[in-house]
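A.B. asks: Below you will find the structure I want to go over with you.
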Amino acid sequence: MRARSDKKILTLGALALTTAWCAAGRATARAASGDGETAADRELATEARLPTILRVIAERNPDLQEADQRASASQARIGASARLPDPELKSELWGQPLARPVSFDQAQTIMIGLRQSFPAWGSLDARERAAREDAAAAIDGTQARRQEIVAQARRAFAAYARADREYRIHLEHVGLTSRVVEIARSLYQTGHGSQQDLLHAQAEFSRLHVDVAGIEQQRTSAAALLNALMDRAPDAALGPVAETTVTDDLAVSDEGGADADGKLDQRRPELRAAARAVRRSEAAADVARREAGRPSFMVGADYWYMPSFSTHHAYGAMVSMSLPWLNPGRRDEVKAAERAGAADRSALRSQQAVARFQLRDATAKLRAARETLRLLHERVLADSRRSFESAQAAFQSGQGGGVTSVLDAARNLLQVRIDEVRAMADLDASRADYDRAAGLPVVGLTRDAGGEAGK
């Protein structure tokens with residue numbers, strides 16, 4: 001009777017682990033089966049693949065759409081910045097008798113005319129240069145946002161894959177622990193083991209339920225973040241991750257070469273935007289200097305109707321010129337523009353220093369993650385597996401140190417396997433961070449800001 005009860009406990013435990021993991025999958029599958037489901041959604045519900053996720057992000061992510069639209073708006077401002085000021089329509093009434101305020105035929109002169117202002121020579125060209133740099137900086141900002149979202153998606157996918165793989169490892173460990181429980185029961189029934197060993201093994205088996213709850217939370221959070229980046233419902237279905245081996249992961253080439261540091265100024269869109277900010281400030285200073293040293297003009301022409309004169313029809317013309325040399329505020333504007341340019345140059349040097357630090361830091365973390373995974377896979381995991389197999393064989397033959405040594409070895413093997421999975425996730429996340437820090441081309445997105453083709 002006790003044996004049948006223990007077997008029932010083991011069976012129900014394994015079933016509970018599987019049911020807890022699959023329940024969320026069924027719920028999210030129902031959520032994704034409504035209207036508006038696309039081929040990409042169905043593909044993701046079957047299997048979560050990073051290229052598909054990045055493609056959906058490129059198509060749907062609202063942050064990227066906002067950045068693209070703002071970049072387009074900045075480009076539209078280029079033409080407006082080079083236009084002349086609005087022409088002015090004017091009307092004047094001269095010599096209207098106060099006794100007859102609305103008898104316009106008694107007025108001396110009624111004038112209707114047009115006027116047009118012309119800014120200081122060269123200032124419009126300088127304004128256009130500043131607007132072009134602003135528009136290009138907006139495109140660089142969109143590309144930076146795109147790189148950041150891709151890195152965020154890759155980190156979230158690494159976390160999702162880690163939870164998925166950890167769950168599979170726990171299922172395998174359920175099988176290992178259940179065999180230990182069966183051995184402990186067999187030894188107890190034949191008088192070669194103690195009840196304490198059997199209870200200890202059953203308690204270790206029950207402890208796995210707690211681990212699965214934590215894994216489910218991590219998987220749900222990572223899936224919700226991926227769905228948010230793809231502009232999907234938080235509980236939209238995401239299928240399992242394709243199985244990959246550590247050997248394949250270690251075989252991927254990392255880092256952008258010895259010249260990665262030298263190419264940062266071209267690769268990092270933030271640095272390109274900062275350099276454009278310097279050029280924009282130089283153009284703005286040029287505008288201020290031209291407006292301070294060169295006059296602006298206004299020309300106009302009027303039609304005169306003079307009902308009280310023998311000559312009723314005439315015209316008038318006017319030309320006016322500003323005197324910026326007499327306005328001390330113009331010199332203040334030049335000084336302000338020059339200081340703003342100096343601030344932008346300092347900001348560029350600061351961002352360059354930060355970018356180089358980020359590249360060094362990401363390179364060090366990537367190398368450490370790769371070496372950690374290699375050591376875990378090639379040495380620690382092999383040693384832990386041999387230790388467990390040895391303890392299991394000794395316990396099964398009745399010559400070992402009891403069930404405690406077997407469970408300790410099994411727990412250590414489980415932890416090492418989990419550490420290996422987490423090291424794989426850390427390596428994937430480190431690659432994403434390195435690619436972001438090095439400004440490497442975005443993989444998986446087909447569009448760049450401003451509608452340009454992705455590189």
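We name chains A, B, ... following the order of the structure tokens; residues begin at 1 in each chain, and ligands are numbered from 1 as shown.
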Quick one: DSSP strand (DSSP E or B) residues in segment 69-138 of chain A, as JSON, numbers by chain?

C.D. replies: {"A": [88, 89, 90, 91, 92, 93, 94, 109, 110, 111, 112, 113, 114, 115, 116, 117, 118]}

A.B. asks: For Asn227 of chain A, please output as a ChimeraX atom specification all residues within 10 Å (counting only C-alpha atoms; exclusion window: fewer than 5 positions along the same chain).

C.D. replies: /A:53,56-57,61,153,221-222,232-238

A.B. asks: Determine the nearest neighbour of Ala39 of chain A from the options A:Thr372, A:Ser390, A:Ser72, A:Thr52, counting only C-alpha atoms.

C.D. replies: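 With only C-alpha atoms as the atom set, the closest residue is A:Thr52.
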
A.B. asks: Do you have the atom CA of Ile149 of chain A-atom CA of Asp433 of chain A distance handy?

C.D. replies: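 Atom CA of Asp433 of chain A lies 11.2 Å from atom CA of Ile149 of chain A.
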
A.B. asks: Could you name the residues that touch segment 295-306 of chain A at 6 Å or less, counting only C-alpha atoms, but leaving out those on the same chain fewer than 4 positions away, as a PyMOL selection string?

C.D. replies: chain A and resi 108-120+312-323

A.B. asks: What does the distance between atom CA of Val380 of chain A and atom CA of Asn412 of chain A come to in Å, to one decimal place?

C.D. replies: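 If I compute the distance from atom CA of Val380 of chain A to atom CA of Asn412 of chain A, I get 10.3 Å.
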
A.B. asks: Using only C-alpha atoms, determine which residues lie at most 10 Å from Ala362 of chain A, disregarding the query and same-chain residues fewer than 4 positions distant; provide the list as a ChimeraX atom specification.

C.D. replies: /A:255,356-358,366-368,430-438

A.B. asks: With DSSP run on the backbone, what are the alpha helix (DSSP H) residues within segment 66-270 of chain A? I'd like them as a ChimeraX atom specification.

C.D. replies: /A:66-81,123-189,195-229,246-251,264-267,269-270

A.B. asks: Need to verify the contact set: Val287 of chain A, 10 Å, only C-alpha atoms, exclusion of same-chain residues closer than 2 positions in sequence. Can you return it as JSON, numbers by chain?

C.D. replies: {"A": [120, 121, 122, 123, 124, 125, 126, 127, 128, 129, 130, 281, 282, 283, 284, 285, 289, 290, 291, 292, 333, 334, 337]}

A.B. asks: Would you mind telling me which residue in A:Arg49, A:Arg100, A:His173, A:Lys90 lies nearest to Arg154 of chain A when using only C-alpha atoms?

C.D. replies: A:Arg49

A.B. asks: May I ask which of the residues A:Asp428, A:Glu133, A:Glu378, A:Asp344 is the closest one to Phe157 of chain A, counting only C-alpha atoms?

C.D. replies: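 Result for the nearest residue to Phe157 of chain A: A:Asp428.
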
A.B. asks: Calculate how many Å separate atom CA of His170 of chain A from atom CA of Asp41 of chain A, rounding to one decimal.

C.D. replies: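 Computing the Euclidean distance for atom CA of His170 of chain A and atom CA of Asp41 of chain A yields 28.3 Å.
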
A.B. asks: For a quick check of understanding, using only C-alpha atoms, which of A:Ala393, A:Pro307, A:Ala163, A:Asp68 has the smallest distance to Asp105 of chain A?

C.D. replies: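 Looking only at the distances to Asp105 of chain A, the closest residue turns out to be A:Pro307.
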